[in-house]
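*Asks:* Questions regarding the structure given below will be posed in turn.
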Amino acid sequence: MEKSQQPVFFFDCDNCLYHKRHGLLELTQKNITDYFQRMGLPQEEALELRKRYYLDYGLSVRGLIKHHNIDPIEYDKQIDGALPLESILKPDPELREMLSGLKIRKWLFTNAYLPHAERCLNIMGISDQFEGITYCNYADPNFDCKPETSSFERAMKEAGIQDPSLCYLVDDSEANVNAAKALGWTSVHVADDASKSNHGDYQINDIHELKETLPELWE
């Protein structure tokens, strides 16, 4: 069967392949707020602008590019590049075993820049489990990101697939899983509390529950 006719499981990276309890989301947000403050903004205004740009543009860096003409590559070095991943993340043999048993194609689909995604995969010992990576190219000033439709279309193009019914997504973002479902993908929400989530087609508390949620993909 040609690759274009084979289903693809797209995996988000941050707070999805690893659990939110590691605290990397909070560390990332602090790095972003500190970046705004280094631009001369007081803390309260920095917090407000970080949140507003995230809501308006999907990523704070896109707002910074649009309104402050920053260098996004240098920004990434100071935000994701400054995260102490090596002291927080560790190899996950259970995740690796689950991924290696998945019978369909696997593709990473992240809103991060490529160096951060590769760093996470390498530390967790799963970099060889993914056929490719769709990421936000910070070198392109007009890059798109999830949950924009164009980002999902780009992921499909890069993975060489045209039929959305052959696409699966697991992601911790409500907006992303809702967007995927609206496009005809099968979507799984890694929620803070799966019993209270109605986002996507399936809801789980932890990535390790994926196999028991869609067991047919491992058969």
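Residues are referred to by chain and number: the chain letter is A, B, ... according to the order shown in the structure tokens, the number counts from 1 in that chain, and ligands are numbered separately from 1 in the order shown.
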Quick one: residues within 12 Å of Glu209 in chain A, only C-alpha atoms counted, chain neighbours fewer than 3 positions away excluded, as a list in words?
*Replies:*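 After dropping sequence-adjacent residues, the list is Cys16, Leu17, Glu94, Leu95, Met98, Leu99, Val170, Val188, His189, Val190, Ala191, Ala194, Tyr202, Gln203, Ile204, Asn205, Asp206, Glu212, Thr213, Leu214 and Pro215 of chain A.
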*Asks:* Could you list, as a PDB file with all heavy atoms, in the first residue's frame, every residue within 12 Å of range 37-47 of chain A, counting only C-alpha atoms and ignoring same-chain residues fewer than 4 positions away?
*Replies:*
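Output (around13.pdb):
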ATOM      1  N   GLN A  29       6.575  29.436  30.539  1.00  0.00           N
ATOM      2  CA  GLN A  29       5.839  30.690  30.709  1.00  0.00           C
ATOM      3  C   GLN A  29       6.680  31.722  31.458  1.00  0.00           C
ATOM      4  O   GLN A  29       6.652  32.906  31.117  1.00  0.00           O
ATOM      5  CB  GLN A  29       4.527  30.424  31.454  1.00  0.00           C
ATOM      6  CG  GLN A  29       3.516  29.632  30.629  1.00  0.00           C
ATOM      7  CD  GLN A  29       2.279  29.253  31.419  1.00  0.00           C
ATOM      8  OE1 GLN A  29       2.306  29.195  32.649  1.00  0.00           O
ATOM      9  NE2 GLN A  29       1.197  28.962  30.721  1.00  0.00           N
ATOM     10  N   LYS A  30       7.436  31.269  32.450  1.00  0.00           N
ATOM     11  CA  LYS A  30       8.307  32.189  33.187  1.00  0.00           C
ATOM     12  C   LYS A  30       9.396  32.748  32.271  1.00  0.00           C
ATOM     13  O   LYS A  30       9.689  33.950  32.313  1.00  0.00           O
ATOM     14  CB  LYS A  30       8.955  31.484  34.379  1.00  0.00           C
ATOM     15  CG  LYS A  30       9.848  32.409  35.210  1.00  0.00           C
ATOM     16  CD  LYS A  30      10.503  31.686  36.367  1.00  0.00           C
ATOM     17  CE  LYS A  30      11.310  32.664  37.230  1.00  0.00           C
ATOM     18  NZ  LYS A  30      12.323  33.415  36.443  1.00  0.00           N
ATOM     19  N   ASN A  31       9.979  31.886  31.436  1.00  0.00           N
ATOM     20  CA  ASN A  31      11.008  32.350  30.502  1.00  0.00           C
ATOM     21  C   ASN A  31      10.450  33.396  29.546  1.00  0.00           C
ATOM     22  O   ASN A  31      11.128  34.382  29.213  1.00  0.00           O
ATOM     23  CB  ASN A  31      11.576  31.176  29.707  1.00  0.00           C
ATOM     24  CG  ASN A  31      12.528  30.316  30.517  1.00  0.00           C
ATOM     25  OD1 ASN A  31      12.873  30.655  31.648  1.00  0.00           O
ATOM     26  ND2 ASN A  31      12.965  29.207  29.950  1.00  0.00           N
ATOM     27  N   ILE A  32       9.200  33.188  29.095  1.00  0.00           N
ATOM     28  CA  ILE A  32       8.581  34.145  28.177  1.00  0.00           C
ATOM     29  C   ILE A  32       8.314  35.472  28.879  1.00  0.00           C
ATOM     30  O   ILE A  32       8.599  36.545  28.333  1.00  0.00           O
ATOM     31  CB  ILE A  32       7.279  33.568  27.585  1.00  0.00           C
ATOM     32  CG1 ILE A  32       7.574  32.321  26.741  1.00  0.00           C
ATOM     33  CG2 ILE A  32       6.572  34.623  26.723  1.00  0.00           C
ATOM     34  CD1 ILE A  32       6.327  31.579  26.283  1.00  0.00           C
ATOM     35  N   THR A  33       7.790  35.403  30.087  1.00  0.00           N
ATOM     36  CA  THR A  33       7.528  36.626  30.853  1.00  0.00           C
ATOM     37  C   THR A  33       8.830  37.384  31.112  1.00  0.00           C
ATOM     38  O   THR A  33       8.889  38.614  30.976  1.00  0.00           O
ATOM     39  CB  THR A  33       6.845  36.289  32.187  1.00  0.00           C
ATOM     40  OG1 THR A  33       5.617  35.596  31.938  1.00  0.00           O
ATOM     41  CG2 THR A  33       6.540  37.559  32.975  1.00  0.00           C
ATOM     42  N   LYS A  51      -0.005  36.471  27.710  1.00  0.00           N
ATOM     43  CA  LYS A  51      -1.279  35.774  27.590  1.00  0.00           C
ATOM     44  C   LYS A  51      -2.050  36.241  26.357  1.00  0.00           C
ATOM     45  O   LYS A  51      -2.646  35.430  25.636  1.00  0.00           O
ATOM     46  CB  LYS A  51      -2.117  35.997  28.850  1.00  0.00           C
ATOM     47  CG  LYS A  51      -1.530  35.366  30.096  1.00  0.00           C
ATOM     48  CD  LYS A  51      -2.347  35.725  31.337  1.00  0.00           C
ATOM     49  CE  LYS A  51      -1.726  35.157  32.597  1.00  0.00           C
ATOM     50  NZ  LYS A  51      -2.481  35.572  33.822  1.00  0.00           N
ATOM     51  N   ARG A  52      -2.052  37.540  26.108  1.00  0.00           N
ATOM     52  CA  ARG A  52      -2.820  38.087  24.979  1.00  0.00           C
ATOM     53  C   ARG A  52      -2.249  37.614  23.653  1.00  0.00           C
ATOM     54  O   ARG A  52      -2.994  37.228  22.745  1.00  0.00           O
ATOM     55  CB  ARG A  52      -2.834  39.620  25.041  1.00  0.00           C
ATOM     56  CG  ARG A  52      -3.574  40.252  23.869  1.00  0.00           C
ATOM     57  CD  ARG A  52      -4.237  41.543  24.269  1.00  0.00           C
ATOM     58  NE  ARG A  52      -3.290  42.511  24.801  1.00  0.00           N
ATOM     59  CZ  ARG A  52      -2.595  43.367  24.048  1.00  0.00           C
ATOM     60  NH1 ARG A  52      -2.725  43.365  22.739  1.00  0.00           N
ATOM     61  NH2 ARG A  52      -1.771  44.224  24.607  1.00  0.00           N
ATOM     62  N   TYR A  53      -0.920  37.635  23.527  1.00  0.00           N
ATOM     63  CA  TYR A  53      -0.317  37.170  22.279  1.00  0.00           C
ATOM     64  C   TYR A  53      -0.565  35.684  22.056  1.00  0.00           C
ATOM     65  O   TYR A  53      -0.769  35.243  20.925  1.00  0.00           O
ATOM     66  CB  TYR A  53       1.189  37.456  22.282  1.00  0.00           C
ATOM     67  CG  TYR A  53       1.545  38.907  22.021  1.00  0.00           C
ATOM     68  CD1 TYR A  53       2.861  39.349  22.142  1.00  0.00           C
ATOM     69  CD2 TYR A  53       0.578  39.832  21.667  1.00  0.00           C
ATOM     70  CE1 TYR A  53       3.204  40.681  21.913  1.00  0.00           C
ATOM     71  CE2 TYR A  53       0.905  41.154  21.428  1.00  0.00           C
ATOM     72  CZ  TYR A  53       2.223  41.572  21.557  1.00  0.00           C
ATOM     73  OH  TYR A  53       2.549  42.882  21.326  1.00  0.00           O
ATOM     74  N   TYR A  54      -0.563  34.906  23.135  1.00  0.00           N
ATOM     75  CA  TYR A  54      -0.840  33.472  23.008  1.00  0.00           C
ATOM     76  C   TYR A  54      -2.262  33.249  22.493  1.00  0.00           C
ATOM     77  O   TYR A  54      -2.495  32.436  21.590  1.00  0.00           O
ATOM     78  CB  TYR A  54      -0.640  32.773  24.350  1.00  0.00           C
ATOM     79  CG  TYR A  54      -0.987  31.299  24.309  1.00  0.00           C
ATOM     80  CD1 TYR A  54      -0.103  30.374  23.767  1.00  0.00           C
ATOM     81  CD2 TYR A  54      -2.217  30.840  24.800  1.00  0.00           C
ATOM     82  CE1 TYR A  54      -0.430  29.021  23.711  1.00  0.00           C
ATOM     83  CE2 TYR A  54      -2.541  29.493  24.740  1.00  0.00           C
ATOM     84  CZ  TYR A  54      -1.643  28.593  24.199  1.00  0.00           C
ATOM     85  OH  TYR A  54      -1.980  27.265  24.132  1.00  0.00           O
ATOM     86  N   SER A  60       3.114  33.072  21.694  1.00  0.00           N
ATOM     87  CA  SER A  60       3.543  34.425  22.064  1.00  0.00           C
ATOM     88  C   SER A  60       4.563  34.982  21.081  1.00  0.00           C
ATOM     89  O   SER A  60       4.557  36.175  20.767  1.00  0.00           O
ATOM     90  CB  SER A  60       4.135  34.420  23.480  1.00  0.00           C
ATOM     91  OG  SER A  60       3.177  34.042  24.435  1.00  0.00           O
ATOM     92  N   LEU A  64       5.175  38.712  19.162  1.00  0.00           N
ATOM     93  CA  LEU A  64       6.423  39.461  19.294  1.00  0.00           C
ATOM     94  C   LEU A  64       7.024  39.784  17.929  1.00  0.00           C
ATOM     95  O   LEU A  64       7.564  40.875  17.720  1.00  0.00           O
ATOM     96  CB  LEU A  64       7.420  38.661  20.133  1.00  0.00           C
ATOM     97  CG  LEU A  64       7.147  38.637  21.636  1.00  0.00           C
ATOM     98  CD1 LEU A  64       7.938  37.524  22.306  1.00  0.00           C
ATOM     99  CD2 LEU A  64       7.498  39.994  22.254  1.00  0.00           C
ATOM    100  N   HIS A  68       6.868  43.594  17.590  1.00  0.00           N
ATOM    101  CA  HIS A  68       8.114  44.069  18.185  1.00  0.00           C
ATOM    102  C   HIS A  68       9.348  43.752  17.351  1.00  0.00           C
ATOM    103  O   HIS A  68      10.468  44.066  17.759  1.00  0.00           O
ATOM    104  CB  HIS A  68       8.275  43.465  19.593  1.00  0.00           C
ATOM    105  CG  HIS A  68       7.115  43.758  20.491  1.00  0.00           C
ATOM    106  ND1 HIS A  68       6.994  44.909  21.237  1.00  0.00           N
ATOM    107  CD2 HIS A  68       5.983  43.029  20.741  1.00  0.00           C
ATOM    108  CE1 HIS A  68       5.854  44.874  21.922  1.00  0.00           C
ATOM    109  NE2 HIS A  68       5.227  43.740  21.640  1.00  0.00           N
ATOM    110  N   ASN A  69       9.147  43.092  16.226  1.00  0.00           N
ATOM    111  CA  ASN A  69      10.237  42.819  15.280  1.00  0.00           C
ATOM    112  C   ASN A  69      11.435  42.135  15.945  1.00  0.00           C
ATOM    113  O   ASN A  69      12.589  42.499  15.741  1.00  0.00           O
ATOM    114  CB  ASN A  69      10.691  44.118  14.611  1.00  0.00           C
ATOM    115  CG  ASN A  69      11.540  43.857  13.372  1.00  0.00           C
ATOM    116  OD1 ASN A  69      11.332  42.873  12.668  1.00  0.00           O
ATOM    117  ND2 ASN A  69      12.496  44.737  13.110  1.00  0.00           N
ATOM    118  N   ILE A  70      11.148  41.115  16.763  1.00  0.00           N
ATOM    119  CA  ILE A  70      12.230  40.418  17.464  1.00  0.00           C
ATOM    120  C   ILE A  70      12.889  39.386  16.547  1.00  0.00           C
ATOM    121  O   ILE A  70      12.372  39.049  15.483  1.00  0.00           O
ATOM    122  CB  ILE A  70      11.688  39.703  18.723  1.00  0.00           C
ATOM    123  CG1 ILE A  70      10.701  38.584  18.321  1.00  0.00           C
ATOM    124  CG2 ILE A  70      11.054  40.680  19.675  1.00  0.00           C
ATOM    125  CD1 ILE A  70      10.715  37.400  19.221  1.00  0.00           C
ATOM    126  N   TYR A  75      15.105  34.343  20.272  1.00  0.00           N
ATOM    127  CA  TYR A  75      14.025  34.143  21.242  1.00  0.00           C
ATOM    128  C   TYR A  75      13.948  32.677  21.648  1.00  0.00           C
ATOM    129  O   TYR A  75      13.857  32.356  22.841  1.00  0.00           O
ATOM    130  CB  TYR A  75      12.699  34.594  20.615  1.00  0.00           C
ATOM    131  CG  TYR A  75      11.455  34.180  21.371  1.00  0.00           C
ATOM    132  CD1 TYR A  75      10.880  35.019  22.323  1.00  0.00           C
ATOM    133  CD2 TYR A  75      10.822  32.953  21.117  1.00  0.00           C
ATOM    134  CE1 TYR A  75       9.725  34.653  23.013  1.00  0.00           C
ATOM    135  CE2 TYR A  75       9.673  32.574  21.803  1.00  0.00           C
ATOM    136  CZ  TYR A  75       9.133  33.427  22.741  1.00  0.00           C
ATOM    137  OH  TYR A  75       7.997  33.050  23.423  1.00  0.00           O
ATOM    138  N   GLN A  78      16.475  31.610  24.119  1.00  0.00           N
ATOM    139  CA  GLN A  78      16.257  32.130  25.469  1.00  0.00           C
ATOM    140  C   GLN A  78      15.023  31.527  26.148  1.00  0.00           C
ATOM    141  O   GLN A  78      14.867  31.645  27.362  1.00  0.00           O
ATOM    142  CB  GLN A  78      16.118  33.648  25.421  1.00  0.00           C
ATOM    143  CG  GLN A  78      17.367  34.369  24.957  1.00  0.00           C
ATOM    144  CD  GLN A  78      17.227  35.884  25.008  1.00  0.00           C
ATOM    145  OE1 GLN A  78      16.600  36.437  25.908  1.00  0.00           O
ATOM    146  NE2 GLN A  78      17.812  36.571  24.033  1.00  0.00           N
TER     147      GLN A  78
END
*Asks:* What gap, in Å, lies between CA of Lys181 in chain A and CA of Ser165 in chain A?
*Replies:*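 Spanning CA of Lys181 in chain A to CA of Ser165 in chain A is a straight-line distance of 9.7 Å.
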*Asks:* Quick one: contact table of range 32-90 of chain A to range 146-164 of chain A, 12 Å max, nearest atom pair and distance in Å to one decimal per residue, counting only C-alpha atoms, chain and number order, as a tab-separated table?
*Replies:*
residue	atom	partner	partner_atom	distance
A:Tyr54	CA	A:Lys146	CA	11.6
A:Leu55	CA	A:Pro147	CA	11.1
A:Asp56	CA	A:Pro147	CA	11.6
A:Tyr57	CA	A:Glu148	CA	9.6
A:Gly58	CA	A:Lys146	CA	7.0
A:Leu59	CA	A:Lys146	CA	9.1
*Asks:* Write a file of the selected residues as a PDB file, in the first residue's frame, keeping all heavy atoms.
*Replies:*
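Written file, selection17.pdb:
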ATOM      1  N   TYR A  54      -0.563  34.906  23.135  1.00  0.00           N
ATOM      2  CA  TYR A  54      -0.840  33.472  23.008  1.00  0.00           C
ATOM      3  C   TYR A  54      -2.262  33.249  22.493  1.00  0.00           C
ATOM      4  O   TYR A  54      -2.495  32.436  21.590  1.00  0.00           O
ATOM      5  CB  TYR A  54      -0.640  32.773  24.350  1.00  0.00           C
ATOM      6  CG  TYR A  54      -0.987  31.299  24.309  1.00  0.00           C
ATOM      7  CD1 TYR A  54      -0.103  30.374  23.767  1.00  0.00           C
ATOM      8  CD2 TYR A  54      -2.217  30.840  24.800  1.00  0.00           C
ATOM      9  CE1 TYR A  54      -0.430  29.021  23.711  1.00  0.00           C
ATOM     10  CE2 TYR A  54      -2.541  29.493  24.740  1.00  0.00           C
ATOM     11  CZ  TYR A  54      -1.643  28.593  24.199  1.00  0.00           C
ATOM     12  OH  TYR A  54      -1.980  27.265  24.132  1.00  0.00           O
ATOM     13  N   LEU A  55      -3.210  33.987  23.054  1.00  0.00           N
ATOM     14  CA  LEU A  55      -4.604  33.840  22.642  1.00  0.00           C
ATOM     15  C   LEU A  55      -4.835  34.360  21.227  1.00  0.00           C
ATOM     16  O   LEU A  55      -5.583  33.762  20.449  1.00  0.00           O
ATOM     17  CB  LEU A  55      -5.521  34.574  23.629  1.00  0.00           C
ATOM     18  CG  LEU A  55      -5.617  33.977  25.040  1.00  0.00           C
ATOM     19  CD1 LEU A  55      -6.416  34.894  25.943  1.00  0.00           C
ATOM     20  CD2 LEU A  55      -6.253  32.592  24.987  1.00  0.00           C
ATOM     21  N   ASP A  56      -4.194  35.459  20.901  1.00  0.00           N
ATOM     22  CA  ASP A  56      -4.425  36.084  19.589  1.00  0.00           C
ATOM     23  C   ASP A  56      -3.694  35.383  18.447  1.00  0.00           C
ATOM     24  O   ASP A  56      -4.199  35.339  17.321  1.00  0.00           O
ATOM     25  CB  ASP A  56      -3.986  37.552  19.620  1.00  0.00           C
ATOM     26  CG  ASP A  56      -4.909  38.419  20.470  1.00  0.00           C
ATOM     27  OD1 ASP A  56      -5.988  37.931  20.854  1.00  0.00           O
ATOM     28  OD2 ASP A  56      -4.540  39.580  20.757  1.00  0.00           O
ATOM     29  N   TYR A  57      -2.515  34.843  18.746  1.00  0.00           N
ATOM     30  CA  TYR A  57      -1.667  34.334  17.669  1.00  0.00           C
ATOM     31  C   TYR A  57      -1.297  32.856  17.799  1.00  0.00           C
ATOM     32  O   TYR A  57      -0.590  32.317  16.947  1.00  0.00           O
ATOM     33  CB  TYR A  57      -0.382  35.167  17.580  1.00  0.00           C
ATOM     34  CG  TYR A  57      -0.645  36.639  17.324  1.00  0.00           C
ATOM     35  CD1 TYR A  57      -0.504  37.580  18.346  1.00  0.00           C
ATOM     36  CD2 TYR A  57      -1.055  37.080  16.073  1.00  0.00           C
ATOM     37  CE1 TYR A  57      -0.763  38.924  18.130  1.00  0.00           C
ATOM     38  CE2 TYR A  57      -1.314  38.425  15.828  1.00  0.00           C
ATOM     39  CZ  TYR A  57      -1.169  39.342  16.860  1.00  0.00           C
ATOM     40  OH  TYR A  57      -1.433  40.679  16.635  1.00  0.00           O
ATOM     41  N   GLY A  58      -1.758  32.188  18.866  1.00  0.00           N
ATOM     42  CA  GLY A  58      -1.445  30.777  19.043  1.00  0.00           C
ATOM     43  C   GLY A  58      -0.124  30.552  19.745  1.00  0.00           C
ATOM     44  O   GLY A  58       0.041  29.563  20.463  1.00  0.00           O
ATOM     45  N   LEU A  59       0.825  31.455  19.556  1.00  0.00           N
ATOM     46  CA  LEU A  59       2.131  31.428  20.208  1.00  0.00           C
ATOM     47  C   LEU A  59       2.543  32.860  20.519  1.00  0.00           C
ATOM     48  O   LEU A  59       2.380  33.747  19.674  1.00  0.00           O
ATOM     49  CB  LEU A  59       3.190  30.779  19.309  1.00  0.00           C
ATOM     50  CG  LEU A  59       3.109  29.281  19.049  1.00  0.00           C
ATOM     51  CD1 LEU A  59       4.108  28.890  17.963  1.00  0.00           C
ATOM     52  CD2 LEU A  59       3.372  28.492  20.319  1.00  0.00           C
TER      53      LEU A  59
END
*Asks:* Output as a ChimeraX atom specification all residues of range 83-188 of chain A that backbone DSSP marks as alpha helix (DSSP H).
*Replies:* /A:85-88,93-101,114-124,149-159,174-182
*Asks:* Write out as a list of chain:residue names all residues of range 4-211 of chain A that backbone DSSP assigns to strand (DSSP E).
*Replies:* A:Val8, A:Phe9, A:Phe10, A:Phe11, A:Arg105, A:Lys106, A:Trp107, A:Leu108, A:Phe109, A:Gly132, A:Ile133, A:Thr134, A:Cys167, A:Tyr168, A:Leu169, A:Val170, A:Asp171, A:Thr186, A:Ser187, A:Val188, A:His189, A:Val190, A:Tyr202, A:Gln203, A:Ile204
*Asks:* What is the distance between CA of Asp172 in chain A and CA of Tyr135 in chain A, in Å to one decimal?
*Replies:*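 Going from CA of Asp172 in chain A over to CA of Tyr135 in chain A covers 16.1 Å.
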*Asks:* Please compute the CA of Leu217 in chain A-CA of Glu174 in chain A distance, one decimal, in Å.
*Replies:*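 A separation of 23.0 Å between them.
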*Asks:* Calculated over only C-alpha atoms, which of the candidates A:Glu48, A:Glu131, A:Asp34, A:Asp80 has the smallest distance to Arg119 in chain A?
*Replies:*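 That would be A:Asp80, the residue with the smallest distance to Arg119 in chain A.
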*Asks:* Any idea what's packed within 9 Å of Pro91 in chain A, counting only C-alpha atoms, ignoring anything in its chain fewer than 4 positions away? Could you give it as a ChimeraX atom specification?
*Replies:* /A:95-96,122-126
*Asks:* Mind dumping the selected residues with N, CA and C atoms as a PDB file, in the first residue's frame?
*Replies:*
ATOM      1  N   LEU A  95       6.625   4.270  27.320  1.00  0.00           N
ATOM      2  CA  LEU A  95       6.189   5.019  26.145  1.00  0.00           C
ATOM      3  C   LEU A  95       6.842   4.466  24.888  1.00  0.00           C
ATOM      4  N   ARG A  96       8.134   4.178  24.982  1.00  0.00           N
ATOM      5  CA  ARG A  96       8.844   3.633  23.823  1.00  0.00           C
ATOM      6  C   ARG A  96       8.226   2.310  23.367  1.00  0.00           C
ATOM      7  N   ASN A 122      15.173  13.043  21.982  1.00  0.00           N
ATOM      8  CA  ASN A 122      16.450  12.390  22.292  1.00  0.00           C
ATOM      9  C   ASN A 122      16.560  12.052  23.774  1.00  0.00           C
ATOM     10  N   ILE A 123      16.174  12.985  24.641  1.00  0.00           N
ATOM     11  CA  ILE A 123      16.257  12.741  26.083  1.00  0.00           C
ATOM     12  C   ILE A 123      15.337  11.596  26.486  1.00  0.00           C
ATOM     13  N   MET A 124      14.158  11.535  25.880  1.00  0.00           N
ATOM     14  CA  MET A 124      13.184  10.506  26.238  1.00  0.00           C
ATOM     15  C   MET A 124      13.464   9.162  25.567  1.00  0.00           C
ATOM     16  N   GLY A 125      14.458   9.158  24.664  1.00  0.00           N
ATOM     17  CA  GLY A 125      14.853   7.913  24.027  1.00  0.00           C
ATOM     18  C   GLY A 125      13.868   7.393  23.007  1.00  0.00           C
ATOM     19  N   ILE A 126      13.173   8.311  22.305  1.00  0.00           N
ATOM     20  CA  ILE A 126      12.154   7.882  21.341  1.00  0.00           C
ATOM     21  C   ILE A 126      12.314   8.561  19.975  1.00  0.00           C
TER      22      ILE A 126
END
*Asks:* Residues at most 12 Å from Asn142 in chain A, counting only C-alpha atoms, excluding those fewer than 2 positions away in the same chain, as a ChimeraX atom specification?
*Replies:* /A:57,61-63,65-66,72,136-140,144-145,150-151
*Asks:* Closest to Leu83 in chain A among A:Trp218, A:His116, A:His67, A:Ser127, using only C-alpha atoms?
*Replies:* A:His116
*Asks:* Leaving out Lys106 in chain A and any residue of its chain fewer than 6 positions from it, which residues lie within 6 Å of it when counting only C-alpha atoms, given as number ranges by chain?
*Replies:* A: 8-9, 130-131
*Asks:* Nearest residue to Leu102 in chain A out of A:Lys196, A:Arg21, A:Asn178, A:Gln129, using only C-alpha atoms?
*Replies:*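 Selected residue with least distance to Leu102 in chain A: A:Gln129.
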